[in-house]
Structures are given as structure tokens and as C-alpha cells.
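**Student:** This is the content of final_30.tsv (TSV, C-alpha atoms):
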```tsv
chain	number	residue	atom	x	y	z
A	78	MET	CA	-11.06	20.15	17.38
A	79	ILE	CA	-11.68	16.81	19.09
A	80	GLN	CA	-8.58	15.48	17.33
A	81	GLN	CA	-6.37	18.11	18.97
A	82	ALA	CA	-7.60	17.21	22.45
A	83	PHE	CA	-6.60	13.55	21.95
A	84	LYS	CA	-3.49	14.10	19.84
A	85	HIS	CA	-1.25	12.83	22.66
A	86	ILE	CA	-3.03	9.44	22.74
A	87	THR	CA	-1.50	6.84	20.45
A	88	ASP	CA	-3.52	4.73	18.02
A	89	THR	CA	-2.93	1.63	20.11
A	90	GLU	CA	-4.10	3.40	23.27
A	91	LEU	CA	-7.27	4.57	21.52
A	92	LEU	CA	-7.92	1.00	20.41
A	93	LYS	CA	-7.38	-0.32	23.93
A	94	LYS	CA	-9.71	2.33	25.36
A	95	TYR	CA	-12.38	1.32	22.84
A	96	GLN	CA	-11.92	-2.37	23.62
A	97	SER	CA	-12.16	-1.77	27.35
A	98	ASP	CA	-15.29	0.42	27.46
A	99	GLN	CA	-16.81	-0.05	23.94
A	100	ASN	CA	-17.18	3.73	23.63
A	101	LYS	CA	-17.31	4.33	19.87
A	102	GLU	CA	-15.91	7.84	20.29
A	103	TRP	CA	-12.44	6.33	20.78
A	104	LEU	CA	-12.78	4.41	17.56
A	105	GLY	CA	-14.20	7.49	15.83
A	106	ILE	CA	-11.10	9.49	16.78
A	107	LEU	CA	-8.89	6.70	15.46
A	108	LEU	CA	-10.79	6.41	12.19
A	109	GLN	CA	-10.85	10.20	11.76
A	110	ARG	CA	-7.03	10.20	11.90
A	111	TYR	CA	-6.89	8.00	8.81
A	112	THR	CA	-9.79	9.33	6.76
A	113	MET	CA	-7.48	11.04	4.27
A	114	LEU	CA	-5.22	7.99	3.98
A	115	LEU	CA	-8.22	5.77	3.28
A	116	LEU	CA	-9.66	8.27	0.82
A	117	GLY	CA	-6.32	8.34	-1.00
A	118	VAL	CA	-6.19	4.55	-1.18
A	119	CYS	CA	-9.76	4.41	-2.48
A	120	MET	CA	-9.07	7.11	-5.08
A	121	LYS	CA	-5.99	5.21	-6.25
A	122	TYR	CA	-8.03	2.07	-6.89
A	123	LEU	CA	-11.49	3.36	-7.79
A	124	LYS	CA	-10.53	6.55	-9.67
A	125	ASN	CA	-13.85	8.22	-8.75
A	126	GLU	CA	-14.18	10.70	-5.89
A	127	GLU	CA	-17.81	9.97	-4.98
A	128	GLU	CA	-17.26	6.22	-5.12
A	129	ALA	CA	-14.09	6.63	-3.02
A	130	LYS	CA	-15.96	8.64	-0.37
A	131	ASP	CA	-18.67	5.98	-0.22
A	132	ALA	CA	-16.00	3.31	0.03
A	133	VAL	CA	-14.38	5.05	3.03
A	134	GLN	CA	-17.73	4.93	4.84
A	135	GLN	CA	-18.09	1.24	4.01
A	136	ILE	CA	-14.53	0.62	5.22
A	137	PHE	CA	-15.35	2.31	8.54
A	138	LEU	CA	-18.36	0.03	8.96
A	139	LYS	CA	-16.28	-3.01	8.03
A	140	ALA	CA	-13.62	-1.95	10.54
A	141	LEU	CA	-16.27	-1.72	13.27
A	142	ASN	CA	-17.48	-5.24	12.45
A	143	GLU	CA	-14.00	-6.75	12.10
A	144	LEU	CA	-12.57	-5.26	15.27
A	145	GLY	CA	-14.16	-7.78	17.58
A	146	LYS	CA	-13.08	-10.79	15.52
A	147	TYR	CA	-9.33	-10.67	16.17
A	148	PRO	CA	-6.74	-8.55	17.95
A	149	VAL	CA	-5.36	-5.56	16.07
A	150	GLU	CA	-1.82	-4.52	16.91
A	151	TYR	CA	-1.16	-1.91	14.20
A	152	PRO	CA	-4.35	0.07	13.50
A	153	LYS	CA	-2.94	2.08	10.58
A	154	SER	CA	-1.74	-1.04	8.71
A	155	TRP	CA	-4.94	-2.86	9.55
A	156	LEU	CA	-7.13	-0.05	8.18
A	157	TYR	CA	-4.94	0.24	5.09
A	158	LYS	CA	-5.28	-3.50	4.42
A	159	ILE	CA	-9.06	-3.37	4.88
A	160	ALA	CA	-9.20	-0.46	2.40
A	161	CYS	CA	-7.05	-2.26	-0.20
A	162	ASN	CA	-9.07	-5.46	0.07
A	163	PHE	CA	-12.37	-3.57	-0.05
A	164	CYS	CA	-11.34	-1.70	-3.21
A	165	LEU	CA	-10.02	-4.84	-4.89
A	166	MET	CA	-13.29	-6.63	-4.21
A	167	LYS	CA	-15.20	-3.61	-5.55
A	168	LEU	CA	-13.12	-3.63	-8.74
A	169	ARG	CA	-13.59	-7.35	-9.15
A	170	ASP	CA	-17.35	-6.99	-8.74
A	171	ARG	CA	-17.37	-4.26	-11.40
A	172	LYS	CA	-16.05	-6.55	-14.13
A	173	GLU	CA	-18.52	-7.56	-16.77
A	174	TYR	CA	-18.37	-11.09	-18.03
A	175	ILE	CA	-18.25	-11.78	-21.74
A	176	ALA	CA	-21.12	-14.01	-22.78
A	177	ILE	CA	-19.75	-17.24	-24.24
A	178	GLU	CA	-21.98	-16.87	-27.30
A	179	LYS	CA	-20.16	-13.62	-28.19
A	180	ILE	CA	-16.74	-15.27	-28.38
A	181	PRO	CA	-15.70	-15.84	-32.01
A	182	ALA	CA	-15.95	-19.34	-33.44
A	183	LEU	CA	-12.78	-21.43	-33.45
A	184	SER	CA	-12.33	-21.08	-37.22
A	185	GLU	CA	-12.37	-17.27	-36.91
A	186	ILE	CA	-9.83	-17.44	-34.11
A	187	GLN	CA	-7.43	-19.57	-36.17
A	188	GLU	CA	-7.81	-17.28	-39.19
A	189	SER	CA	-6.87	-14.25	-37.11
A	190	GLY	CA	-3.64	-15.94	-35.98
A	191	THR	CA	-4.29	-15.23	-32.28
A	192	GLU	CA	-5.65	-18.58	-31.18
A	193	ILE	CA	-3.26	-18.89	-28.22
A	194	ASN	CA	-4.10	-15.48	-26.76
A	195	THR	CA	-7.78	-15.90	-27.47
A	196	GLU	CA	-7.81	-19.33	-25.84
A	197	ARG	CA	-6.14	-17.88	-22.75
A	198	GLU	CA	-8.68	-15.09	-22.70
A	199	LEU	CA	-11.48	-17.62	-23.10
A	200	ASN	CA	-10.11	-19.66	-20.19
A	201	LEU	CA	-9.77	-16.55	-18.04
A	202	ASN	CA	-13.34	-15.52	-18.87
A	203	LEU	CA	-14.55	-19.02	-18.06
A	204	LEU	CA	-12.63	-18.95	-14.78
A	205	GLU	CA	-14.05	-15.53	-13.91
A	206	ALA	CA	-17.59	-16.67	-14.67
A	207	ALA	CA	-17.04	-19.88	-12.68
A	208	MET	CA	-15.74	-17.87	-9.69
A	209	GLY	CA	-19.01	-15.95	-9.76
A	210	GLU	CA	-20.89	-19.22	-9.25
A	211	LEU	CA	-18.98	-20.32	-6.13
A	212	ASN	CA	-20.51	-19.69	-2.74
A	213	LYS	CA	-19.22	-16.61	-0.92
A	214	GLU	CA	-16.94	-18.53	1.48
A	215	GLN	CA	-15.26	-20.56	-1.27
A	216	LYS	CA	-14.85	-17.51	-3.52
A	217	THR	CA	-13.29	-15.50	-0.68
A	218	CYS	CA	-10.84	-18.25	0.31
A	219	ILE	CA	-9.86	-19.02	-3.32
A	220	THR	CA	-9.30	-15.32	-4.04
A	221	LEU	CA	-7.21	-14.75	-0.93
A	222	PHE	CA	-5.15	-17.93	-1.38
A	223	TYR	CA	-4.47	-17.94	-5.13
A	224	LEU	CA	-4.80	-14.31	-6.18
A	225	GLN	CA	-3.58	-12.49	-3.08
A	226	LYS	CA	-1.11	-15.25	-2.06
A	227	LYS	CA	-2.32	-15.38	1.55
A	228	SER	CA	-1.50	-18.33	3.82
A	229	TYR	CA	-4.20	-20.44	5.48
A	230	GLN	CA	-3.44	-18.64	8.77
A	231	GLN	CA	-3.74	-15.19	7.17
A	232	ILE	CA	-7.02	-16.16	5.52
A	233	SER	CA	-8.30	-17.46	8.84
A	234	THR	CA	-7.38	-14.16	10.51
A	235	LEU	CA	-8.94	-12.03	7.74
A	236	THR	CA	-12.18	-13.99	7.43
A	237	GLY	CA	-12.73	-15.39	10.91
A	238	PHE	CA	-12.94	-18.95	9.49
A	239	SER	CA	-11.13	-21.74	11.31
A	240	LEU	CA	-8.07	-23.26	9.59
A	241	LEU	CA	-10.13	-26.36	8.83
A	242	GLN	CA	-12.87	-24.23	7.22
A	243	VAL	CA	-10.27	-22.35	5.13
A	244	LYS	CA	-8.74	-25.62	3.89
A	245	SER	CA	-12.17	-27.07	3.15
A	246	ASN	CA	-13.34	-23.95	1.30
A	247	ILE	CA	-10.20	-23.94	-0.86
A	248	GLN	CA	-10.41	-27.65	-1.69
A	249	ASN	CA	-14.15	-27.58	-2.38
A	250	GLY	CA	-13.79	-24.32	-4.30
A	251	LYS	CA	-11.09	-25.80	-6.55
A	252	ARG	CA	-13.19	-28.88	-7.21
A	253	ASN	CA	-16.30	-26.80	-7.93
A	254	LEU	CA	-14.36	-24.46	-10.23
A	255	LYS	CA	-13.16	-27.44	-12.24
A	256	ILE	CA	-16.70	-28.86	-12.51
A	257	ILE	CA	-18.23	-25.51	-13.48
A	258	MET	CA	-15.53	-24.79	-16.08
A	259	GLU	CA	-15.87	-28.24	-17.64
A	260	LYS	CA	-19.64	-27.72	-17.95
A	261	LYS	CA	-19.15	-24.29	-19.52
A	262	GLN	CA	-16.53	-25.58	-21.97
A	263	SER	CA	-18.84	-28.33	-23.16
A	264	PHE	CA	-21.41	-25.77	-24.39
```
Please rewrite the model in this file as C-alpha cells.
**Tutor:**
Amino acid sequence: MIQQAFKHITDTELLKKYQSDQNKEWLGILLQRYTMLLLGVCMKYLKNEEEAKDAVQQIFLKALNELGKYPVEYPKSWLYKIACNFCLMKLRDRKEYIAIEKIPALSEIQESGTEINTERELNLNLLEAAMGELNKEQKTCITLFYLQKKSYQQISTLTGFSLLQVKSNIQNGKRNLKIIMEKKQSF
């Protein structure tokens, strides 16, 4: 019912109204317009209706927090991107790491004839475990830069870090990943 009364107001106008008077009703109308889109995105990634509904609520909260950090020109694209990133992070957090002790001994690997694939898998598991040991800032910057192919500027915009902080987090994260992986490989 509220939606119909404000149907003539564009997304950008709603955003400007919210930014000018900080009345959360404007933002609520905007978010309500895209609830189904966000639910669809979350269902696509998470494949669980209850988890997807919870994720939409979390995305709304994240949108509220992120809105003041940088200007948003295209609300629909912005919300979509927040939803995709949120779901990807949720999926990444869901992964269980294989304990190194449970990986077959090298002789068993060679006997099975899959030493190359198993070594790759071992390295990927080591990398995943090492990523879990990085601090939040380094992990975020490394993930955005190497896995999501974002530029320093894009990472700065998404995270609110300065360009210098982004560069530092990536460099320190790479160095720390190498150190952690070398330690884990020596066990």
C-alpha cells in the first residue's frame, strides 16, 4: 500500500530524500522494492529458503551501514552487488577445512596415480586454511583482489579503506599467507 503511494518516485530520488533528512522510511520503501530480487539472489547462492530470508535481512542492515560510507548512484545495482558479496562470503564461511592429518600419506597418493590432483587439492586446502588465519582486513582485500578481480579503487570503495590501506593489506596478506603456508607444509 505504501509502495503504491510512492511508485512515482524513482530509486535515486528516494535515496536523495533519505540522505537529506535521514528518514529511514525512504530507505525502507527503496529496500522493499528489491526484496524479491534480493531473495532470488540469495536463493540462487544459498539454496535454502530460511537462510535466504535471513540473508536478505542481513543485507538490509549492511546496506544501512554502507550507505553513509560512499555515494550510491544506482541503488538496484548496489543492492544486488551487496547481496552477491554477502552470499559469497556466507558460502566461503560454510566450507569445512580438511585436517592435514587426514590427507593420505605421499606413498598412498603416488600409488593411486593422482599425485598431481591431490597435490593441487592439498595446496588449495592449505591456502584456504591459511586465509582463515589472516586478519579480517587482509582476508577481505586478498579475496576481493585475487578472487573477485577487483581493482584497488573498487576495493577501497567497497570496504571504506584508503588506497594505501588496501595496498598494505594485500601486500601484508600475501606475505602472511606465504609464511603460514610454509609453516603448515613443514608439518
**Student:** Could you work out an axis-aligned bounding box for all listed atoms of region 146-165 of chain A, with 6 Å added on each of the six sides, and give its centre and edge lengths in Å to one decimal, as lines of an AutoDock Vina configuration file?
**Tutor:**
```
center_x = -7.1
center_y = -4.4
center_z = 6.5
size_x = 23.9
size_y = 24.9
size_z = 34.8
```
**Student:** Quick one: residues within 7 Å of region 236-250 of chain A, all atoms listed in the file counted, chain neighbours fewer than 3 positions away excluded, as a PyMOL selection string?
**Tutor:** chain A and resi 146+211+214-216+218-219+229-230+232-233+253-254
**Student:** Between A:Met113, A:Met166, A:Leu123, A:Leu104, which one has atoms that come closest to Ala140 (chain A), using all atoms listed in the file?
**Tutor:**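 Checking each of A:Met113, A:Met166, A:Leu123, A:Leu104 against Ala140 (chain A), counting all atoms listed in the file, the winner is A:Leu104.
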**Student:** Tell me, as an MDAnalysis selection string, which residues lie within 8 Å of region 89-101 of chain A, counting all atoms listed in the file; anything in the same chain fewer than 6 positions away does not count.
**Tutor:** chainID A and resid 107 150:152
**Student:** Can you measure CA of His85 (chain A) to CA of Ser154 (chain A) for me? One decimal in Å is fine.
**Tutor:** 19.7 Å
**Student:** Have a look at CA of Leu138 (chain A) and CA of Lys227 (chain A) and let me know their distance in Å, one decimal.
**Tutor:**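 Atom-to-atom, CA of Leu138 (chain A) and CA of Lys227 (chain A) are spaced 23.4 Å apart.
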